[in-house]
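Below is protein.tsv, holding TSV, C-alpha atoms.
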```
chain	number	residue	atom	x	y	z
L	1	MET	CA	12.97	-46.93	102.03
L	2	GLU	CA	12.32	-44.30	99.39
L	3	GLU	CA	14.64	-41.32	99.62
L	4	VAL	CA	12.89	-38.12	100.69
L	5	LYS	CA	13.92	-34.93	98.92
L	6	VAL	CA	12.93	-31.41	99.91
L	7	ASP	CA	13.96	-28.16	98.27
L	8	LEU	CA	15.89	-26.42	101.07
L	9	ALA	CA	15.92	-23.17	99.06
L	10	LEU	CA	12.25	-22.70	100.05
L	11	SER	CA	11.26	-20.66	103.10
L	12	ASP	CA	11.35	-22.37	106.51
L	13	GLU	CA	7.54	-22.59	106.52
L	14	GLU	CA	7.49	-24.14	103.04
L	15	VAL	CA	10.24	-26.63	103.92
L	16	ALA	CA	8.33	-27.60	107.08
L	17	ARG	CA	5.09	-28.19	105.18
L	18	ALA	CA	6.82	-30.17	102.42
L	19	LEU	CA	8.73	-32.39	104.84
L	20	PHE	CA	5.79	-32.90	107.18
L	21	ALA	CA	3.74	-34.07	104.17
L	22	THR	CA	6.09	-37.07	103.91
L	23	HIS	CA	5.09	-38.32	107.37
L	24	VAL	CA	3.51	-41.75	107.39
L	25	PRO	CA	0.33	-41.66	109.55
L	26	GLY	CA	0.67	-43.72	112.70
L	27	GLN	CA	4.46	-43.49	112.93
L	28	ASP	CA	5.94	-41.79	116.00
L	29	THR	CA	8.92	-40.33	114.15
L	30	LEU	CA	9.55	-38.33	111.00
L	31	ASN	CA	12.68	-38.59	108.86
L	32	VAL	CA	14.40	-35.20	109.21
L	33	GLY	CA	17.43	-36.42	107.26
L	34	PRO	CA	16.69	-34.03	104.36
L	35	LEU	CA	17.50	-31.15	106.74
L	36	GLY	CA	21.07	-32.43	107.26
L	37	PRO	CA	22.68	-30.06	104.71
L	38	PHE	CA	21.54	-27.12	106.86
L	39	LEU	CA	24.14	-28.11	109.47
L	40	GLY	CA	27.01	-27.31	107.14
L	41	GLN	CA	25.84	-23.76	106.46
L	42	PRO	CA	26.20	-20.52	108.44
L	43	ASP	CA	23.01	-20.16	110.53
L	44	GLY	CA	21.89	-23.49	109.08
L	45	ALA	CA	21.56	-25.12	112.51
L	46	LEU	CA	19.05	-22.41	113.47
L	47	ARG	CA	17.04	-23.15	110.31
L	48	TYR	CA	17.15	-26.86	111.19
L	49	ALA	CA	15.74	-26.05	114.64
L	50	THR	CA	13.12	-23.68	113.24
L	51	VAL	CA	11.81	-26.19	110.69
L	52	CYS	CA	11.56	-28.92	113.34
L	53	ARG	CA	9.73	-26.52	115.66
L	54	LEU	CA	7.27	-25.61	112.89
L	55	MET	CA	6.60	-29.28	112.15
L	56	ALA	CA	6.08	-29.98	115.86
L	57	ASP	CA	3.33	-27.36	115.80
L	58	MET	CA	1.69	-29.26	112.91
L	59	ALA	CA	1.77	-32.60	114.72
L	60	THR	CA	-1.12	-33.77	116.90
L	61	GLU	CA	0.20	-37.07	118.32
L	62	PRO	CA	2.26	-36.50	121.52
L	63	ALA	CA	5.06	-38.92	120.54
L	64	LEU	CA	5.51	-37.37	117.09
L	65	LYS	CA	5.40	-33.85	118.50
L	66	ALA	CA	8.07	-34.80	121.06
L	67	ASP	CA	10.21	-36.40	118.33
L	68	LEU	CA	10.17	-33.16	116.34
L	69	LEU	CA	10.88	-31.02	119.40
L	70	PHE	CA	13.94	-33.19	120.05
L	71	GLY	CA	14.96	-32.36	116.48
L	72	ALA	CA	14.61	-28.65	117.27
L	73	VAL	CA	16.85	-29.07	120.34
L	74	TYR	CA	19.41	-30.88	118.19
L	75	GLY	CA	19.45	-27.94	115.80
L	76	ILE	CA	19.90	-25.42	118.61
L	77	ARG	CA	22.76	-27.42	120.16
L	78	ASN	CA	24.60	-27.52	116.86
L	79	GLY	CA	24.51	-23.76	116.41
L	80	SER	CA	27.85	-22.01	116.07
L	81	GLY	CA	27.18	-19.15	118.50
L	82	ARG	CA	26.17	-18.81	122.14
L	83	TRP	CA	22.74	-20.33	121.75
L	84	GLU	CA	20.08	-19.85	124.39
L	85	GLU	CA	20.26	-22.54	127.06
L	86	SER	CA	16.81	-21.62	128.37
L	87	LEU	CA	15.29	-22.08	124.90
L	88	ALA	CA	16.73	-25.59	124.52
L	89	LEU	CA	15.65	-26.59	128.03
L	90	GLY	CA	12.22	-25.05	127.44
L	91	LEU	CA	11.71	-27.30	124.42
L	92	LEU	CA	12.79	-30.29	126.48
L	93	ASP	CA	10.32	-29.32	129.19
L	94	GLU	CA	7.62	-29.34	126.50
L	95	CYS	CA	8.78	-32.83	125.53
L	96	ALA	CA	8.64	-33.97	129.16
L	97	ALA	CA	5.04	-32.77	129.47
L	98	LEU	CA	4.08	-34.62	126.27
L	99	ILE	CA	5.76	-37.81	127.45
L	100	THR	CA	3.64	-37.92	130.61
L	101	ASP	CA	0.52	-38.15	128.40
L	102	LEU	CA	1.76	-41.38	126.79
L	103	PRO	CA	1.15	-44.91	128.08
L	104	ARG	CA	3.77	-45.82	130.67
L	105	ASP	CA	5.36	-48.53	128.51
L	106	GLN	CA	6.00	-45.99	125.72
L	107	GLN	CA	7.75	-43.45	127.95
L	108	PRO	CA	11.27	-44.86	128.65
L	109	PRO	CA	12.72	-44.41	125.11
L	110	LEU	CA	11.57	-40.79	125.01
L	111	ILE	CA	12.73	-40.07	128.58
L	112	ARG	CA	16.13	-41.45	127.59
L	113	ARG	CA	16.26	-39.09	124.58
L	114	ASP	CA	15.29	-36.20	126.86
L	115	LEU	CA	18.14	-37.03	129.25
L	116	TYR	CA	20.58	-37.51	126.35
L	117	HIS	CA	19.96	-33.94	125.18
L	118	ARG	CA	20.03	-32.55	128.72
L	119	GLY	CA	23.43	-34.18	129.22
L	120	LEU	CA	24.82	-32.60	126.07
L	121	ILE	CA	23.42	-29.21	127.06
L	122	ALA	CA	25.00	-29.56	130.51
L	123	ARG	CA	28.42	-30.19	128.97
L	124	GLU	CA	28.22	-27.35	126.45
L	125	VAL	CA	27.05	-24.58	128.82
L	126	TYR	CA	29.98	-23.89	131.11
L	127	ARG	CA	29.69	-24.24	134.86
L	128	PRO	CA	32.39	-25.68	137.12
L	129	GLY	CA	32.07	-29.46	137.02
L	130	HIS	CA	29.76	-29.35	133.99
L	131	PHE	CA	31.33	-32.37	132.26
L	132	LEU	CA	30.85	-34.48	135.40
L	133	ARG	CA	27.24	-33.31	135.61
L	134	ALA	CA	26.75	-34.32	131.98
L	135	ALA	CA	28.24	-37.77	132.71
L	136	GLU	CA	25.84	-38.25	135.62
L	137	ILE	CA	22.85	-37.39	133.40
L	138	HIS	CA	23.95	-39.92	130.78
L	139	GLU	CA	24.37	-42.58	133.46
L	140	THR	CA	20.79	-41.88	134.60
L	141	ALA	CA	19.70	-42.29	130.97
L	142	ALA	CA	21.56	-45.61	130.80
L	143	ALA	CA	19.55	-46.93	133.74
L	144	ILE	CA	16.26	-46.53	131.82
L	145	ALA	CA	17.51	-47.21	128.28
L	146	PRO	CA	15.06	-49.46	126.37
L	147	THR	CA	17.77	-51.67	124.82
L	148	LYS	CA	21.24	-52.88	125.69
L	149	ALA	CA	22.65	-50.88	122.76
L	150	LYS	CA	21.15	-47.61	124.05
L	151	ARG	CA	22.35	-48.39	127.58
L	152	VAL	CA	25.92	-48.98	126.43
L	153	VAL	CA	25.86	-45.85	124.23
L	154	GLU	CA	24.88	-43.75	127.25
L	155	LEU	CA	27.68	-45.26	129.35
L	156	VAL	CA	30.16	-44.59	126.53
L	157	VAL	CA	28.98	-40.96	126.34
L	158	ALA	CA	29.43	-40.66	130.11
L	159	ALA	CA	33.01	-41.94	129.81
L	160	VAL	CA	33.70	-39.45	127.01
L	161	GLU	CA	32.39	-36.58	129.17
L	162	ARG	CA	34.70	-37.69	131.96
L	163	MET	CA	37.60	-37.61	129.48
L	164	HIS	CA	36.61	-34.02	128.66
L	165	HIS	CA	36.65	-33.26	132.39
L	166	ALA	CA	40.16	-34.72	132.64
L	167	VAL	CA	41.36	-32.41	129.86
L	168	GLU	CA	39.67	-29.40	131.41
L	169	VAL	CA	41.17	-29.91	134.88
L	170	ASP	CA	44.49	-31.32	133.58
L	171	ASP	CA	44.16	-34.69	135.35
L	172	LEU	CA	46.17	-37.31	133.46
L	173	GLU	CA	45.35	-40.15	135.87
L	174	PHE	CA	41.62	-39.50	135.46
L	175	LEU	CA	42.01	-39.55	131.68
L	176	ASP	CA	43.88	-42.86	131.83
L	177	ASN	CA	41.08	-44.37	133.93
L	178	GLN	CA	38.47	-43.46	131.30
L	179	LEU	CA	40.66	-44.74	128.45
L	180	LYS	CA	40.98	-48.03	130.33
L	181	LEU	CA	37.21	-48.22	130.96
L	182	LEU	CA	36.52	-47.71	127.25
L	183	ARG	CA	39.19	-50.22	126.21
L	184	GLU	CA	38.41	-53.04	128.62
L	185	THR	CA	34.67	-52.76	129.24
L	186	LEU	CA	32.56	-50.39	127.19
L	187	LEU	CA	33.86	-50.59	123.62
L	188	PRO	CA	33.93	-54.41	123.49
L	189	GLN	CA	30.25	-54.34	124.50
L	190	LEU	CA	29.43	-51.56	122.05
L	191	THR	CA	31.14	-53.25	119.11
L	192	THR	CA	28.95	-56.34	119.45
L	193	LEU	CA	25.87	-54.13	119.01
L	194	THR	CA	26.85	-52.12	115.94
L	195	ALA	CA	25.21	-54.51	113.48
L	196	THR	CA	21.75	-53.80	114.87
L	197	ASP	CA	21.93	-50.23	116.21
L	198	PRO	CA	22.97	-47.24	114.04
L	199	GLU	CA	23.74	-45.13	117.11
L	200	ALA	CA	26.08	-47.79	118.46
L	201	LEU	CA	27.81	-47.93	115.07
L	202	LYS	CA	28.27	-44.14	115.00
L	203	TRP	CA	29.78	-44.05	118.47
L	204	ALA	CA	32.03	-47.08	117.94
L	205	GLN	CA	33.43	-46.08	114.53
L	206	CYS	CA	33.28	-42.27	114.56
L	207	ASP	CA	32.69	-40.57	117.90
L	208	VAL	CA	34.91	-42.65	120.19
L	209	PRO	CA	37.93	-42.64	117.83
L	210	ALA	CA	37.63	-38.85	117.46
L	211	HIS	CA	37.06	-38.07	121.15
L	212	ARG	CA	39.70	-40.50	122.34
L	213	PHE	CA	42.29	-39.18	119.89
L	214	TYR	CA	41.80	-35.49	120.64
L	215	CYS	CA	41.51	-35.88	124.43
L	216	ALA	CA	44.75	-37.87	124.57
L	217	TRP	CA	46.46	-35.53	122.11
L	218	LEU	CA	45.52	-32.46	124.13
L	219	MET	CA	46.99	-34.13	127.23
L	220	GLY	CA	50.13	-35.32	125.42
L	221	ARG	CA	49.23	-38.92	126.22
L	222	GLY	CA	49.90	-41.91	124.00
L	223	TYR	CA	47.49	-44.84	124.18
L	224	SER	CA	47.37	-48.31	122.65
L	225	GLU	CA	44.42	-47.74	120.30
L	226	ARG	CA	45.74	-44.55	118.78
L	227	ARG	CA	46.81	-46.02	115.44
L	228	ALA	CA	43.50	-47.90	115.13
L	229	ASP	CA	41.55	-44.72	115.89
L	230	ILE	CA	43.39	-42.81	113.16
L	231	VAL	CA	42.65	-45.64	110.70
L	232	CYS	CA	38.97	-45.47	111.71
L	233	LEU	CA	38.86	-41.72	111.04
L	234	ALA	CA	40.54	-42.24	107.67
L	235	ASN	CA	38.09	-44.98	106.63
L	236	LEU	CA	34.72	-43.81	107.89
L	237	PRO	CA	31.54	-45.64	106.86
L	238	GLU	CA	29.99	-43.87	103.89
L	239	GLN	CA	26.99	-42.56	105.82
L	240	PHE	CA	29.28	-40.72	108.26
L	241	GLN	CA	31.95	-39.39	105.90
L	242	GLN	CA	30.49	-35.92	105.42
L	243	SER	CA	29.90	-35.30	109.12
L	244	TYR	CA	33.16	-36.70	110.49
L	245	ALA	CA	35.73	-36.06	107.74
L	246	VAL	CA	36.97	-32.99	109.63
L	247	TRP	CA	38.19	-35.21	112.48
L	248	HIS	CA	40.53	-37.02	110.13
L	249	GLN	CA	41.81	-33.64	108.93
L	250	ILE	CA	42.39	-32.58	112.54
L	251	ALA	CA	44.19	-35.82	113.35
L	252	GLU	CA	46.37	-35.48	110.25
L	253	ALA	CA	47.33	-31.92	111.17
L	254	ALA	CA	48.02	-32.89	114.79
L	255	LEU	CA	50.29	-35.74	113.70
L	256	GLU	CA	52.16	-33.48	111.28
L	257	LEU	CA	52.74	-31.07	114.14
L	258	GLU	CA	54.18	-33.90	116.23
L	259	ASN	CA	56.43	-34.96	113.35
L	260	GLY	CA	57.82	-31.46	112.84
L	261	GLU	CA	56.02	-30.82	109.54
L	262	LEU	CA	55.21	-27.33	110.77
L	263	LEU	CA	54.25	-25.54	107.54
L	264	SER	CA	51.81	-28.28	106.57
L	265	ALA	CA	50.34	-28.40	110.10
L	266	LEU	CA	50.01	-24.60	110.09
L	267	TYR	CA	48.28	-24.63	106.71
L	268	LYS	CA	45.86	-27.38	107.68
L	269	GLY	CA	45.09	-25.86	111.08
L	270	ASP	CA	44.41	-22.48	109.50
L	271	TYR	CA	42.26	-24.11	106.80
L	272	ILE	CA	40.16	-25.98	109.40
L	273	ALA	CA	39.71	-22.84	111.49
L	274	SER	CA	38.69	-20.80	108.44
L	275	HIS	CA	36.33	-23.28	106.77
L	276	GLU	CA	34.59	-25.06	109.61
L	277	ILE	CA	31.54	-23.81	111.49
L	278	HIS	CA	31.37	-25.88	114.67
L	279	PRO	CA	33.34	-24.19	117.49
L	280	THR	CA	35.13	-27.39	118.51
L	281	HIS	CA	36.51	-27.83	114.99
L	282	VAL	CA	37.39	-24.13	114.64
L	283	THR	CA	39.26	-23.99	117.95
L	284	PHE	CA	41.17	-27.19	117.21
L	285	GLY	CA	42.31	-25.65	113.95
L	286	LEU	CA	43.39	-22.51	115.80
L	287	LEU	CA	45.24	-24.53	118.46
L	288	ILE	CA	47.17	-26.59	115.88
L	289	ALA	CA	48.08	-23.44	113.95
L	290	ALA	CA	49.11	-21.69	117.18
L	291	ARG	CA	51.39	-24.54	118.26
L	292	ALA	CA	52.99	-24.69	114.82
L	293	LEU	CA	53.67	-20.94	114.95
L	294	ALA	CA	55.16	-21.22	118.45
L	295	ARG	CA	57.63	-23.84	117.22
L	296	MET	CA	58.53	-21.49	114.35
L	297	GLY	CA	59.36	-18.78	116.89
L	298	CYS	CA	56.26	-16.62	116.19
L	299	HIS	CA	55.31	-16.28	119.85
L	300	GLY	CA	53.23	-13.10	119.50
L	301	VAL	CA	50.90	-14.63	116.90
L	302	TYR	CA	50.84	-17.83	118.96
L	303	GLN	CA	49.51	-15.93	121.97
L	304	ASN	CA	46.99	-14.02	119.85
L	305	LEU	CA	45.53	-17.28	118.55
L	306	LEU	CA	45.34	-18.70	122.07
L	307	TYR	CA	43.37	-15.63	123.17
L	308	ARG	CA	41.03	-16.16	120.20
L	309	ILE	CA	40.34	-19.66	121.51
L	310	VAL	CA	39.79	-18.49	125.09
L	311	TYR	CA	37.30	-15.82	124.03
L	312	TYR	CA	35.71	-17.67	121.09
L	313	PRO	CA	32.04	-16.54	121.17
L	314	SER	CA	30.30	-19.87	121.55
L	315	HIS	CA	29.20	-22.61	123.84
L	316	ALA	CA	31.18	-25.85	123.44
L	317	ALA	CA	34.93	-26.41	122.96
L	318	HIS	CA	35.60	-25.96	126.68
L	319	PHE	CA	38.48	-28.46	126.61
L	320	THR	CA	40.38	-26.48	123.95
L	321	ARG	CA	39.65	-23.30	125.89
L	322	ALA	CA	41.07	-24.90	129.03
L	323	VAL	CA	44.26	-25.92	127.21
L	324	ALA	CA	44.64	-22.39	125.80
L	325	ARG	CA	44.06	-20.88	129.24
L	326	ARG	CA	46.78	-23.02	130.80
L	327	ALA	CA	49.21	-22.09	128.02
L	328	LEU	CA	48.50	-18.40	128.76
L	329	ASN	CA	48.66	-18.93	132.54
L	330	LEU	CA	45.10	-17.66	132.89
L	331	PRO	CA	42.98	-18.88	135.85
L	332	PRO	CA	39.98	-21.16	135.14
L	333	PRO	CA	36.76	-19.18	134.65
L	334	SER	CA	34.18	-19.16	137.41
L	335	SER	CA	31.50	-19.10	134.71
L	336	LEU	CA	31.02	-18.16	131.08
```
Could you quickly redo this structure as structure tokens?
Amino acid sequence: MEEVKVDLALSDEEVARALFATHVPGQDTLNVGPLGPFLGQPDGALRYATVCRLMADMATEPALKADLLFGAVYGIRNGSGRWEESLALGLLDECAALITDLPRDQQPPLIRRDLYHRGLIAREVYRPGHFLRAAEIHETAAAIAPTKAKRVVELVVAAVERMHHAVEVDDLEFLDNQLKLLRETLLPQLTTLTATDPEALKWAQCDVPAHRFYCAWLMGRGYSERRADIVCLANLPEQFQQSYAVWHQIAEAALELENGELLSALYKGDYIASHEIHPTHVTFGLLIAARALARMGCHGVYQNLLYRIVYYPSHAAHFTRAVARRALNLPPPSSL
């Protein structure tokens, strides 16, 4: 496939027109890969969403229009601030209306994508029990997934959301149950599907190692796959290196903290917090730096960093917020 290049220095309207011009007539999707660099820039996720929304307005086929609206939702979800939940759900409602106009046999893959995004929105916008609600949505998506790979991915995502719930409510037994489910049932199935499904590959080699490592680390729990997960994060497939390299940095800093290499852990935590954009990455950096400072006896700065995590102005990172709240003896929020 010929690589598509678009000058991202152009205006959003110009980028949208240039990228939309690469669409192959008759195809239900459009390669939005050229917009990827936006996600590493301040306010870039909003530009990503805006360009996808503009291209959706140019499309006439319902499936293509829905595909581009899903891209806009992806951009909104990856924003660094408190993005508008109603805006993301409104775009998904537009998608749902478009899907009903398609032949019945074409609907399940798009309905599954709709549910996938709704699950991620449910987990990122805080309400009590939100991670469990997200898991339930992903399990619904699994029931209608068009392929075995997509079904297993959704079940893996549901297990990951339940791990997040365990961290948030400080339930070690619940975490262990999800680690066991991943180890004995879901990941063996997922691994057999990575050769044919890029999403399965991403979850097996990038997402699961990262989520499993940080959930267990936040709970102070060792687990049998930990060394393998760290190796995975250190040797990411080339296509994922840019997006997931930060998780290896976080794991390195966390391990240095465990090993008493406090100055190095402090430096790396501070660097991550200062140079990353996504709130989960930023708050992990702050938490590692805070714990290093506490072990150095700097308890005032330690508490200040914990408060920064608790009141970080963004959706997402609820598990790090929960850990910071417990360290400060603050009650769980009723809502955010």
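Summary of the local environment: counting all atoms listed in the file, residues at most 7 Å from Lys268 of chain L, other than itself and those fewer than 4 positions away along its chain, are Ala253, Ser264 and Ile272 of chain L.
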Item checked: atom CA of Arg321 of chain L to atom CA of Gln242 of chain L, distance in Å rounded to a single decimal ->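 Interatomic distance here is 25.7 Å.
The smallest atom-to-atom distance between Leu306 of chain L and any of L:Leu286, L:Ala292, L:Ala88, L:Ala122, using all atoms listed in the file, is found for L:Leu286.
Straight-line separation from atom CA of Ala149 of chain L to atom CA of Tyr244 of chain L: 21.5 Å.
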Check: Given the choices L:Leu328, L:Arg308, L:Glu13, L:Phe319, which gets closest to Arg162 of chain L if the distance is worked out from only C-alpha atoms?
Finding: L:Phe319
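Of the residues listed (L:Pro146, L:Ala135, L:His315, L:Arg127), L:His315 shows the shortest atom-to-atom separation from Arg77 of chain L; distances use only C-alpha atoms.
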Next item on the list: Show which residues sit within 8 Å of Met55 of chain L, as a VMD selection string. Count only C-alpha atoms, and ignore same-chain residues fewer than 5 positions away.
Entry: chain L and resid 16 to 17 20 65 68
Item checked: Spatial neighbours of Val246 of chain L, 10 Å, all atoms listed in the file, chain gap at least 6 places, as a list of chain:residue names -> L:Ala210, L:Leu233, L:Glu252, L:Ile272, L:Glu276, L:His281
Check: Can you tell me how far atom CA of Ala158 of chain L sits from atom CA of Leu187 of chain L, in Å to one decimal?
Finding: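 Atom-to-atom, atom CA of Ala158 of chain L and atom CA of Leu187 of chain L are spaced 12.7 Å apart.
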